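As provided, input06.cif (mmCIF, C-alpha atoms and all ligand atoms) reads as follows.
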data_target
loop_
_atom_site.group_PDB
_atom_site.id
_atom_site.type_symbol
_atom_site.label_atom_id
_atom_site.label_comp_id
_atom_site.auth_asym_id
_atom_site.auth_seq_id
_atom_site.Cartn_x
_atom_site.Cartn_y
_atom_site.Cartn_z
ATOM 1 C CA MET A 1 -124.322 115.361 89.177
ATOM 2 C CA THR A 2 -121.173 116.919 87.696
ATOM 3 C CA SER A 3 -119.891 120.364 86.900
ATOM 4 C CA VAL A 4 -120.721 121.744 83.465
ATOM 5 C CA ARG A 5 -117.124 121.712 82.289
ATOM 6 C CA ALA A 6 -116.600 118.084 83.228
ATOM 7 C CA HIS A 7 -119.710 116.944 81.470
ATOM 8 C CA LEU A 8 -119.066 118.816 78.232
ATOM 9 C CA ALA A 9 -116.091 116.575 77.609
ATOM 10 C CA GLU A 10 -118.229 113.496 78.072
ATOM 11 C CA THR A 11 -121.228 114.130 75.885
ATOM 12 C CA ALA A 12 -119.907 112.886 72.555
ATOM 13 C CA GLN A 13 -121.346 109.565 71.501
ATOM 14 C CA GLN A 14 -118.796 106.800 71.186
ATOM 15 C CA THR A 15 -119.280 103.709 69.093
ATOM 16 C CA LEU A 16 -117.650 100.305 69.359
ATOM 17 C CA PRO A 17 -116.534 98.447 66.203
ATOM 18 C CA ASP A 18 -119.585 96.179 66.458
ATOM 19 C CA GLY A 19 -121.874 99.181 66.445
ATOM 20 C CA ASN A 20 -122.819 99.139 70.129
ATOM 21 C CA PHE A 21 -122.700 102.509 71.859
ATOM 22 C CA ILE A 22 -120.626 102.707 74.989
ATOM 23 C CA ARG A 23 -122.090 105.980 76.140
ATOM 24 C CA MET A 24 -125.375 107.593 75.266
ATOM 25 C CA SER A 25 -125.650 111.054 76.734
ATOM 26 C CA PHE A 26 -128.706 112.329 78.599
ATOM 27 C CA ASN A 27 -127.931 115.502 80.515
ATOM 28 C CA ILE A 28 -129.967 118.197 82.199
ATOM 29 C CA THR A 29 -128.183 121.497 82.877
ATOM 30 C CA ILE A 30 -129.856 123.850 85.328
ATOM 31 C CA LEU A 31 -129.749 127.436 84.011
ATOM 32 C CA GLY A 32 -132.329 129.069 86.257
ATOM 33 C CA THR A 33 -134.240 127.943 89.277
ATOM 34 C CA SER A 34 -135.949 130.937 90.839
ATOM 35 C CA GLY A 35 -139.724 131.269 90.996
ATOM 36 C CA ALA A 36 -141.348 134.546 89.929
ATOM 37 C CA LEU A 37 -138.542 136.916 90.988
ATOM 38 C CA PRO A 38 -134.796 136.513 90.581
ATOM 39 C CA ALA A 39 -133.313 136.293 94.077
ATOM 40 C CA TYR A 40 -130.011 135.589 95.830
ATOM 41 C CA GLY A 41 -128.233 135.047 92.521
ATOM 42 C CA ARG A 42 -130.861 132.586 91.341
ATOM 43 C CA PHE A 43 -132.119 133.119 87.785
ATOM 44 C CA PRO A 44 -135.715 132.499 86.637
ATOM 45 C CA SER A 45 -136.589 129.092 85.208
ATOM 46 C CA SER A 46 -134.598 127.578 82.378
ATOM 47 C CA GLN A 47 -132.904 124.268 81.668
ATOM 48 C CA LEU A 48 -130.940 122.768 78.830
ATOM 49 C CA VAL A 49 -131.834 119.147 78.120
ATOM 50 C CA GLU A 50 -129.447 117.257 75.850
ATOM 51 C CA VAL A 51 -130.102 113.737 74.626
ATOM 52 C CA GLU A 52 -127.594 112.330 72.171
ATOM 53 C CA ASN A 53 -126.716 115.738 70.737
ATOM 54 C CA ARG A 54 -130.302 116.889 70.527
ATOM 55 C CA TYR A 55 -130.562 120.140 72.475
ATOM 56 C CA PHE A 56 -133.796 121.418 73.994
ATOM 57 C CA LEU A 57 -134.163 124.599 75.990
ATOM 58 C CA VAL A 58 -136.960 124.101 78.509
ATOM 59 C CA ASP A 59 -138.336 127.441 79.637
ATOM 60 C CA CYS A 60 -136.367 130.581 78.920
ATOM 61 C CA GLY A 61 -136.531 132.919 81.892
ATOM 62 C CA GLU A 62 -134.791 136.274 81.878
ATOM 63 C CA GLY A 63 -131.033 135.884 81.513
ATOM 64 C CA ALA A 64 -131.181 132.412 79.975
ATOM 65 C CA GLN A 65 -128.790 133.437 77.200
ATOM 66 C CA MET A 66 -126.304 134.748 79.776
ATOM 67 C CA GLN A 67 -126.496 131.442 81.570
ATOM 68 C CA LEU A 68 -125.970 129.494 78.349
ATOM 69 C CA MET A 69 -122.817 131.524 77.759
ATOM 70 C CA ARG A 70 -121.670 131.174 81.355
ATOM 71 C CA TYR A 71 -121.900 127.412 81.140
ATOM 72 C CA GLN A 72 -120.389 127.298 77.641
ATOM 73 C CA ALA A 73 -123.405 125.798 75.928
ATOM 74 C CA ASN A 74 -123.578 126.477 72.203
ATOM 75 C CA MET A 75 -126.903 128.243 71.668
ATOM 76 C CA HIS A 76 -126.851 127.490 67.939
ATOM 77 C CA ARG A 77 -127.267 123.813 68.682
ATOM 78 C CA ILE A 78 -130.618 124.497 70.318
ATOM 79 C CA ASN A 79 -133.267 123.864 67.684
ATOM 80 C CA HIS A 80 -136.239 123.414 70.021
ATOM 81 C CA ILE A 81 -137.401 125.735 72.789
ATOM 82 C CA LEU A 82 -140.241 124.481 74.973
ATOM 83 C CA ILE A 83 -142.106 127.087 77.005
ATOM 84 C CA THR A 84 -144.357 125.687 79.717
ATOM 85 C CA HIS A 85 -146.539 128.770 80.099
ATOM 86 C CA LEU A 86 -146.596 132.488 79.544
ATOM 87 C CA HIS A 87 -145.814 133.749 83.030
ATOM 88 C CA GLY A 88 -142.845 136.063 82.593
ATOM 89 C CA ASP A 89 -140.424 134.045 84.715
ATOM 90 C CA HIS A 90 -140.616 131.287 82.089
ATOM 91 C CA TYR A 91 -140.202 133.145 78.814
ATOM 92 C CA LEU A 92 -138.887 136.706 79.245
ATOM 93 C CA GLY A 93 -135.396 135.619 78.207
ATOM 94 C CA LEU A 94 -136.636 134.566 74.823
ATOM 95 C CA MET A 95 -136.406 137.886 72.979
ATOM 96 C CA GLY A 96 -132.833 138.412 74.104
ATOM 97 C CA LEU A 97 -131.897 134.944 72.969
ATOM 98 C CA ILE A 98 -133.661 135.300 69.615
ATOM 99 C CA PHE A 99 -132.016 138.653 68.887
ATOM 100 C CA THR A 100 -128.602 137.253 69.784
ATOM 101 C CA MET A 101 -129.144 134.260 67.514
ATOM 102 C CA HIS A 102 -130.097 136.710 64.766
ATOM 103 C CA LEU A 103 -127.051 138.949 65.335
ATOM 104 C CA LEU A 104 -124.828 135.871 65.240
ATOM 105 C CA ARG A 105 -126.380 134.938 61.892
ATOM 106 C CA ARG A 106 -128.073 131.738 62.889
ATOM 107 C CA THR A 107 -129.486 129.880 59.899
ATOM 108 C CA ASN A 108 -131.122 126.745 61.376
ATOM 109 C CA ASP A 109 -134.868 126.747 61.857
ATOM 110 C CA LEU A 110 -135.921 127.382 65.459
ATOM 111 C CA HIS A 111 -138.961 125.521 66.748
ATOM 112 C CA LEU A 112 -140.873 127.236 69.543
ATOM 113 C CA TYR A 113 -143.507 125.361 71.532
ATOM 114 C CA SER A 114 -145.891 127.269 73.765
ATOM 115 C CA HIS A 115 -149.478 128.026 74.565
ATOM 116 C CA ARG A 116 -151.340 130.543 72.459
ATOM 117 C CA GLY A 117 -149.903 134.056 72.323
ATOM 118 C CA LEU A 118 -146.152 133.637 72.091
ATOM 119 C CA ASP A 119 -146.169 134.178 68.338
ATOM 120 C CA GLU A 120 -147.972 137.517 68.842
ATOM 121 C CA ILE A 121 -145.486 138.599 71.502
ATOM 122 C CA ILE A 122 -142.453 137.795 69.359
ATOM 123 C CA THR A 123 -143.966 139.231 66.201
ATOM 124 C CA ALA A 124 -144.610 142.540 68.006
ATOM 125 C CA HIS A 125 -140.986 142.751 69.132
ATOM 126 C CA LEU A 126 -139.684 142.007 65.670
ATOM 127 C CA LYS A 127 -142.132 144.386 63.985
ATOM 128 C CA HIS A 128 -141.267 147.391 66.143
ATOM 129 C CA SER A 129 -137.540 146.855 65.833
ATOM 130 C CA HIS A 130 -137.889 146.408 62.048
ATOM 131 C CA SER A 131 -136.077 143.088 62.361
ATOM 132 C CA ILE A 132 -136.326 140.094 60.114
ATOM 133 C CA PRO A 133 -134.524 137.183 61.794
ATOM 134 C CA SER A 134 -131.731 135.460 59.902
ATOM 135 C CA PHE A 135 -133.511 132.159 60.567
ATOM 136 C CA LYS A 136 -137.015 130.781 60.393
ATOM 137 C CA ILE A 137 -139.100 130.590 63.571
ATOM 138 C CA ILE A 138 -141.632 127.781 63.531
ATOM 139 C CA TYR A 139 -144.368 128.074 66.153
ATOM 140 C CA HIS A 140 -146.067 125.041 67.640
ATOM 141 C CA GLN A 141 -149.132 125.811 69.726
ATOM 142 C CA LEU A 142 -149.642 123.500 72.690
ATOM 143 C CA GLU A 143 -153.032 122.055 73.590
ATOM 144 C CA LYS A 144 -154.092 122.804 77.143
ATOM 145 C CA ASP A 145 -156.374 119.796 77.642
ATOM 146 C CA THR A 146 -154.763 117.045 75.584
ATOM 147 C CA ILE A 147 -151.488 115.206 76.009
ATOM 148 C CA GLU A 148 -149.537 115.531 72.767
ATOM 149 C CA THR A 149 -146.269 114.239 71.389
ATOM 150 C CA VAL A 150 -144.581 117.457 70.331
ATOM 151 C CA TYR A 151 -141.255 116.010 69.201
ATOM 152 C CA GLU A 152 -140.303 112.595 67.917
ATOM 153 C CA ASP A 153 -137.349 111.074 66.107
ATOM 154 C CA ASP A 154 -135.779 107.626 65.902
ATOM 155 C CA ILE A 155 -134.482 107.604 69.489
ATOM 156 C CA LEU A 156 -136.531 110.108 71.479
ATOM 157 C CA SER A 157 -139.988 111.498 72.021
ATOM 158 C CA VAL A 158 -141.186 114.512 74.000
ATOM 159 C CA GLU A 159 -144.755 114.626 75.178
ATOM 160 C CA THR A 160 -146.672 117.225 77.141
ATOM 161 C CA ILE A 161 -147.757 116.791 80.753
ATOM 162 C CA LEU A 162 -150.964 118.607 81.677
ATOM 163 C CA LEU A 163 -150.206 120.742 84.728
ATOM 164 C CA THR A 164 -152.521 122.668 87.025
ATOM 165 C CA HIS A 165 -151.767 126.369 87.196
ATOM 166 C CA LYS A 166 -153.429 129.767 86.927
ATOM 167 C CA ILE A 167 -152.990 129.901 83.156
ATOM 168 C CA PRO A 168 -152.582 127.039 80.650
ATOM 169 C CA CYS A 169 -149.381 125.245 81.574
ATOM 170 C CA THR A 170 -147.748 122.027 80.421
ATOM 171 C CA GLY A 171 -144.694 120.125 81.526
ATOM 172 C CA PHE A 172 -142.637 117.921 79.247
ATOM 173 C CA LEU A 173 -141.733 114.254 79.379
ATOM 174 C CA PHE A 174 -138.556 113.238 77.546
ATOM 175 C CA ARG A 175 -138.478 109.529 76.909
ATOM 176 C CA GLU A 176 -136.047 107.425 74.928
ATOM 177 C CA LYS A 177 -137.538 104.887 72.567
ATOM 178 C CA ILE A 178 -136.888 101.178 72.958
ATOM 179 C CA LYS A 179 -133.271 100.602 71.971
ATOM 180 C CA PRO A 180 -131.803 97.964 69.646
ATOM 181 C CA ARG A 181 -130.614 94.655 71.055
ATOM 182 C CA ARG A 182 -126.915 94.597 71.876
ATOM 183 C CA ILE A 183 -124.516 92.267 70.121
ATOM 184 C CA ASP A 184 -122.879 89.840 72.559
ATOM 185 C CA LYS A 185 -119.270 90.093 71.390
ATOM 186 C CA THR A 186 -118.235 87.048 73.392
ATOM 187 C CA ARG A 187 -120.506 84.856 71.288
ATOM 188 C CA LEU A 188 -120.316 86.561 67.913
ATOM 189 C CA PRO A 189 -118.961 84.155 65.261
ATOM 190 C CA GLY A 190 -116.544 85.478 62.628
ATOM 191 C CA GLY A 191 -117.594 86.052 59.047
ATOM 192 C CA LEU A 192 -120.996 87.674 59.601
ATOM 193 C CA ARG A 193 -121.871 90.408 57.145
ATOM 194 C CA LEU A 194 -122.696 93.939 58.343
ATOM 195 C CA GLN A 195 -126.275 93.487 57.182
ATOM 196 C CA GLN A 196 -126.610 90.328 59.277
ATOM 197 C CA ILE A 197 -125.307 92.199 62.333
ATOM 198 C CA ALA A 198 -127.747 95.041 61.677
ATOM 199 C CA ASN A 199 -130.564 92.481 61.496
ATOM 200 C CA LEU A 200 -129.485 90.959 64.799
ATOM 201 C CA LYS A 201 -129.766 94.360 66.464
ATOM 202 C CA LYS A 202 -133.291 94.694 65.128
ATOM 203 C CA GLY A 203 -134.144 91.364 66.755
ATOM 204 C CA ASP A 204 -133.983 89.159 63.628
ATOM 205 C CA ASP A 205 -132.209 85.801 63.335
ATOM 206 C CA VAL A 206 -129.210 85.206 61.046
ATOM 207 C CA LEU A 207 -130.354 83.408 57.905
ATOM 208 C CA ASP A 208 -128.447 81.643 55.128
ATOM 209 C CA SER A 209 -129.099 82.322 51.446
ATOM 210 C CA ASN A 210 -131.988 79.837 51.477
ATOM 211 C CA GLY A 211 -133.680 81.628 54.343
ATOM 212 C CA GLU A 212 -132.771 78.927 56.864
ATOM 213 C CA VAL A 213 -131.865 80.017 60.393
ATOM 214 C CA ILE A 214 -128.133 79.753 61.120
ATOM 215 C CA TYR A 215 -128.185 81.518 64.479
ATOM 216 C CA ARG A 216 -131.178 82.443 66.578
ATOM 217 C CA ASN A 217 -131.168 86.062 67.690
ATOM 218 C CA GLU A 218 -131.054 85.300 71.414
ATOM 219 C CA GLU A 219 -127.907 83.179 70.923
ATOM 220 C CA LEU A 220 -125.898 86.226 69.841
ATOM 221 C CA THR A 221 -127.518 89.241 71.462
ATOM 222 C CA LEU A 222 -128.222 90.764 74.844
ATOM 223 C CA PRO A 223 -131.379 92.676 75.763
ATOM 224 C CA PRO A 224 -131.458 96.385 74.849
ATOM 225 C CA ARG A 225 -130.216 98.981 77.280
ATOM 226 C CA ARG A 226 -133.056 100.533 79.199
ATOM 227 C CA SER A 227 -134.839 103.605 77.893
ATOM 228 C CA ARG A 228 -134.292 106.675 80.045
ATOM 229 C CA SER A 229 -136.797 109.395 80.873
ATOM 230 C CA TYR A 230 -137.009 112.851 82.377
ATOM 231 C CA ALA A 231 -140.133 114.731 83.453
ATOM 232 C CA TYR A 232 -140.187 118.511 83.874
ATOM 233 C CA CYS A 233 -143.148 119.730 85.932
ATOM 234 C CA SER A 234 -143.262 123.465 86.555
ATOM 235 C CA ASP A 235 -145.416 125.406 87.449
ATOM 236 C CA THR A 236 -148.125 123.369 89.072
ATOM 237 C CA ALA A 237 -150.311 122.777 92.060
ATOM 238 C CA TYR A 238 -150.051 119.276 93.498
ATOM 239 C CA ASP A 239 -152.111 117.141 91.140
ATOM 240 C CA GLU A 240 -152.054 113.356 91.228
ATOM 241 C CA ARG A 241 -153.591 113.077 87.772
ATOM 242 C CA ILE A 242 -150.107 113.166 86.243
ATOM 243 C CA ILE A 243 -148.771 110.217 88.249
ATOM 244 C CA ASP A 244 -149.592 107.464 85.748
ATOM 245 C CA GLN A 245 -147.924 109.360 82.931
ATOM 246 C CA ILE A 246 -144.666 109.989 84.775
ATOM 247 C CA ARG A 247 -144.498 106.705 86.679
ATOM 248 C CA GLY A 248 -140.975 105.311 86.976
ATOM 249 C CA VAL A 249 -139.129 108.271 85.429
ATOM 250 C CA ASP A 250 -135.402 108.407 86.056
ATOM 251 C CA ILE A 251 -135.548 112.039 87.105
ATOM 252 C CA LEU A 252 -138.568 114.103 88.045
ATOM 253 C CA TYR A 253 -138.071 117.854 88.205
ATOM 254 C CA HIS A 254 -140.995 119.196 90.196
ATOM 255 C CA GLU A 255 -141.476 122.734 91.317
ATOM 256 C CA ALA A 256 -141.315 123.401 95.051
ATOM 257 C CA THR A 257 -142.003 127.093 95.250
ATOM 258 C CA PHE A 258 -142.830 127.014 98.948
ATOM 259 C CA GLY A 259 -142.212 125.148 102.170
ATOM 260 C CA ALA A 260 -144.841 123.734 104.490
ATOM 261 C CA ASP A 261 -144.998 127.142 106.191
ATOM 262 C CA GLU A 262 -146.694 128.526 103.087
ATOM 263 C CA GLN A 263 -149.055 125.691 102.253
ATOM 264 C CA VAL A 264 -152.062 128.011 101.992
ATOM 265 C CA LYS A 265 -150.183 130.390 99.723
ATOM 266 C CA ALA A 266 -149.114 127.441 97.561
ATOM 267 C CA ARG A 267 -152.741 126.416 97.123
ATOM 268 C CA GLU A 268 -153.874 129.961 96.353
ATOM 269 C CA THR A 269 -151.202 130.557 93.735
ATOM 270 C CA GLN A 270 -151.405 127.037 92.272
ATOM 271 C CA HIS A 271 -147.878 126.123 93.190
ATOM 272 C CA SER A 272 -146.486 123.215 95.227
ATOM 273 C CA THR A 273 -144.607 122.805 98.464
ATOM 274 C CA ALA A 274 -141.394 120.812 98.793
ATOM 275 C CA ALA A 275 -143.295 118.088 100.638
ATOM 276 C CA GLN A 276 -145.860 117.884 97.829
ATOM 277 C CA ALA A 277 -143.105 117.578 95.216
ATOM 278 C CA ALA A 278 -141.615 114.739 97.259
ATOM 279 C CA GLU A 279 -145.005 113.083 97.619
ATOM 280 C CA MET A 280 -145.383 113.198 93.845
ATOM 281 C CA ALA A 281 -141.956 111.580 93.356
ATOM 282 C CA ARG A 282 -142.795 108.891 95.900
ATOM 283 C CA LYS A 283 -146.176 108.065 94.411
ATOM 284 C CA ALA A 284 -144.794 108.072 90.865
ATOM 285 C CA ALA A 285 -141.838 105.878 91.943
ATOM 286 C CA ALA A 286 -139.324 108.260 90.365
ATOM 287 C CA GLN A 287 -135.672 107.333 90.742
ATOM 288 C CA LYS A 288 -134.634 110.854 91.640
ATOM 289 C CA LEU A 289 -136.340 114.156 92.403
ATOM 290 C CA ILE A 290 -134.960 117.608 91.661
ATOM 291 C CA ILE A 291 -136.846 120.496 93.200
ATOM 292 C CA GLY A 292 -136.697 124.081 91.968
ATOM 293 C CA HIS A 293 -138.655 127.274 91.197
ATOM 294 C CA PHE A 294 -137.946 128.553 94.693
ATOM 295 C CA SER A 295 -139.792 131.548 96.085
ATOM 296 C CA ALA A 296 -137.722 134.674 96.730
ATOM 297 C CA ARG A 297 -138.742 134.406 100.381
ATOM 298 C CA TYR A 298 -136.247 131.545 100.891
ATOM 299 C CA LYS A 299 -132.616 132.545 101.019
ATOM 300 C CA ASP A 300 -131.577 129.293 102.614
ATOM 301 C CA LEU A 301 -132.994 126.330 100.710
ATOM 302 C CA ALA A 302 -131.878 123.652 103.154
ATOM 303 C CA PRO A 303 -135.229 123.582 104.989
ATOM 304 C CA LEU A 304 -137.018 122.878 101.682
ATOM 305 C CA ALA A 305 -134.581 120.055 100.945
ATOM 306 C CA ASP A 306 -135.077 118.615 104.435
ATOM 307 C CA GLU A 307 -138.841 118.785 104.088
ATOM 308 C CA ALA A 308 -138.730 116.877 100.818
ATOM 309 C CA ARG A 309 -136.083 114.392 101.970
ATOM 310 C CA ALA A 310 -138.263 113.277 104.863
ATOM 311 C CA ILE A 311 -140.718 111.914 102.278
ATOM 312 C CA PHE A 312 -138.465 111.023 99.343
ATOM 313 C CA PRO A 313 -134.776 110.508 100.195
ATOM 314 C CA ASN A 314 -133.213 110.799 96.745
ATOM 315 C CA ILE A 315 -133.758 114.517 96.204
ATOM 316 C CA GLU A 316 -131.482 117.322 95.121
ATOM 317 C CA LEU A 317 -131.961 121.047 94.923
ATOM 318 C CA ALA A 318 -131.750 122.587 91.467
ATOM 319 C CA VAL A 319 -128.708 124.865 91.489
ATOM 320 C CA GLU A 320 -127.584 126.935 88.513
ATOM 321 C CA GLY A 321 -124.732 125.246 86.688
ATOM 322 C CA ASN A 322 -125.408 121.766 88.001
ATOM 323 C CA VAL A 323 -125.636 119.010 85.416
ATOM 324 C CA PHE A 324 -127.675 115.916 86.121
ATOM 325 C CA SER A 325 -126.745 112.976 83.912
ATOM 326 C CA ILE A 326 -128.811 109.851 83.493
ATOM 327 C CA ALA A 327 -126.593 106.832 82.906
ATOM 328 C CA ASP A 328 -127.614 104.319 80.261
HETATM 329 ZN ZN ZN B 1 -143.058 130.406 87.493
HETATM 330 ZN ZN ZN B 2 -146.433 130.375 86.631
#
Please go through the file and, once you have read it, give me the structure as structure tokens.
Ligand SMILES: [Zn+2]
Ligand SMILES: [Zn+2]
Amino acid sequence: MTSVRAHLAETAQQTLPDGNFIRMSFNITILGTSGALPAYGRFPSSQLVEVENRYFLVDCGEGAQMQLMRYQANMHRINHILITHLHGDHYLGLMGLIFTMHLLRRTNDLHLYSHRGLDEIITAHLKHSHSIPSFKIIYHQLEKDTIETVYEDDILSVETILLTHKIPCTGFLFREKIKPRRIDKTRLPGGLRLQQIANLKKGDDVLDSNGEVIYRNEELTLPPRRSRSYAYCSDTAYDERIIDQIRGVDILYHEATFGADEQVKARETQHSTAAQAAEMARKAAAQKLIIGHFSARYKDLAPLADEARAIFPNIELAVEGNVFSIAD
């Protein structure tokens, strides 16, 4: 975890002369971490997920645009906003953000992902303010019963996680695709053409003009770097049905609205306790757990952290402004 300022300097991709990347960024910036009500300076849910200069806003609670400005994130680089569900603490910052983007003359398309109804809400706002945004809004309606891949490009996919809550609610799983093999510079002979090096990275051998093998791929390459993953699970009751899907993630963000003292309330409201979030991380063999979406009844969050740590040691509290980076 680093401060926002420190990480902003680090996010640019750097490339070696042989085409291997020396740093591939994967950063999660916490913008809001309060459940239901803002409390003790904590903002409602929102996070900025950045993977290799692809920017996703995950949930957009009230004040999300203020938080983006506070932490010097460029809102115009966000082309995808993923809304888990239509409880106000997860989307009420959206109109403010959209109007600001409009006033700043954004031109890029903005993709919005949510369950049914968000398009009606936004259209009503725009209609009654006689506003036509300077950019195109493209709505993607999430399925409540089916896991879907909602975003995919050559390095990354984002799929939905079916959560258990009072209204349709989905989390999101960010997962890098399998990466190219890495050139082993210590064994690379001189004189290879760029195309031959590109083929090596794809896993092919180096051939001569007659199609005969000159070098076998494994002689000159190293295995790919591992593919990183991040699962965002909020809001949800404890539900083991998601374990297989999120197994082995580098970071699991799981809501922990309550402590063990409010276990009954957690069940009634379809939220989780800190211990349940930790149990989920343990059963899914996550590398790290971040808990958030804290109830306004907890000023001091240390007891929630302690409760979770007793079950899953590698946990951290979500705190506004913290950046969690996943190393490649
Ligand atoms: Zn919530
Ligand atoms: Zn909710």
How big is the axis-aligned box, and where does its centre sit, when it encloses all atoms of region 55-74 of chain A listed in the file and has 6 Å added on every side, reported in Å to one decimal as AutoDock Vina command-line options?
--center_x -129.4 --center_y 128.2 --center_z 77.0 --size_x 29.9 --size_y 28.1 --size_z 21.7
**Expected answer as a list in words: residues within 8 Å of ligand ZN 1 (chain B), only C-alpha atoms and all ligand atoms** = Ser34, Gly35, Ala36, Pro44, Ser45, His87, Gly88, Asp89, His90, Ser234, Asp235 and His293 of chain A
**Message:** For the provided coordinates, the residues matched by the PyMOL selection byres (((not hetatm)) within 12 of (chain B and resi 2)) should be stated as a count of residues only.
**Reply:** 41
**Item:** Between CA of Phe258 (chain A) and CA of Lys144 (chain A), distance in Å (one decimal)
**Value:**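 Computing the Euclidean distance for CA of Phe258 (chain A) and CA of Lys144 (chain A) yields 24.9 Å.
Surrounding residues of (-131.5, 118.6, 105.0) at most 12 Å away are Ala274, Asp300, Leu301, Ala302, Pro303, Leu304, Ala305, Asp306, Glu307, Ala308, Arg309, Ala310, Ile311, Phe312, Pro313, Asn314, Ile315, Glu316 and Leu317 of chain A (based on only C-alpha atoms).
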**Request:** Go through the shown structure with the PyMOL selection byres (((chain A and resi 232) around 8) and not hetatm) and write out the matching residues as JSON, numbers by chain.
**Result:** {"A": [171, 172, 173, 230, 231, 233, 234, 252, 253, 254]}
**Message:** So that I can check the surroundings of Arg225 (chain A), please list as a VMD selection string every protein, DNA and RNA residue that reaches within 8 Å of it, counting all atoms listed in the file and ignoring chain neighbours fewer than 6 positions away.
**Reply:** chain A and resid 179 to 182 328
Incomplete region 34-48 of chain A brought to N, CA and C atoms, written out as a tab-separated table (two decimals), in the coordinates of the input:
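As written to disk, selection09.tsv reads:
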chain	number	residue	atom	x	y	z
A	34	SER	N	-135.21	130.07	89.95
A	34	SER	CA	-135.95	130.94	90.84
A	34	SER	C	-137.40	131.04	90.38
A	35	GLY	N	-138.31	131.11	91.33
A	35	GLY	CA	-139.72	131.27	91.00
A	35	GLY	C	-140.08	132.74	91.01
A	36	ALA	N	-140.81	133.17	90.01
A	36	ALA	CA	-141.35	134.55	89.93
A	36	ALA	C	-140.25	135.61	89.87
A	37	LEU	N	-139.56	135.86	90.96
A	37	LEU	CA	-138.54	136.92	90.99
A	37	LEU	C	-137.15	136.30	91.01
A	38	PRO	N	-136.18	136.96	90.35
A	38	PRO	CA	-134.80	136.51	90.58
A	38	PRO	C	-134.40	136.87	92.01
A	39	ALA	N	-133.65	136.02	92.67
A	39	ALA	CA	-133.31	136.29	94.08
A	39	ALA	C	-132.05	135.55	94.47
A	40	TYR	N	-131.22	136.21	95.26
A	40	TYR	CA	-130.01	135.59	95.83
A	40	TYR	C	-129.14	134.94	94.74
A	41	GLY	N	-129.05	135.59	93.60
A	41	GLY	CA	-128.23	135.05	92.52
A	41	GLY	C	-128.92	133.97	91.71
A	42	ARG	N	-130.15	133.62	92.09
A	42	ARG	CA	-130.86	132.59	91.34
A	42	ARG	C	-131.60	133.23	90.17
A	43	PHE	N	-131.46	132.63	89.00
A	43	PHE	CA	-132.12	133.12	87.78
A	43	PHE	C	-133.51	132.49	87.65
A	44	PRO	N	-134.41	133.14	86.90
A	44	PRO	CA	-135.72	132.50	86.64
A	44	PRO	C	-135.55	131.21	85.82
A	45	SER	N	-136.64	130.47	85.73
A	45	SER	CA	-136.59	129.09	85.21
A	45	SER	C	-136.00	128.95	83.81
A	46	SER	N	-135.09	128.02	83.69
A	46	SER	CA	-134.60	127.58	82.38
A	46	SER	C	-133.70	126.37	82.58
A	47	GLN	N	-133.78	125.45	81.64
A	47	GLN	CA	-132.90	124.27	81.67
A	47	GLN	C	-132.52	123.90	80.25
A	48	LEU	N	-131.36	123.32	80.11
A	48	LEU	CA	-130.94	122.77	78.83
A	48	LEU	C	-130.97	121.25	78.95
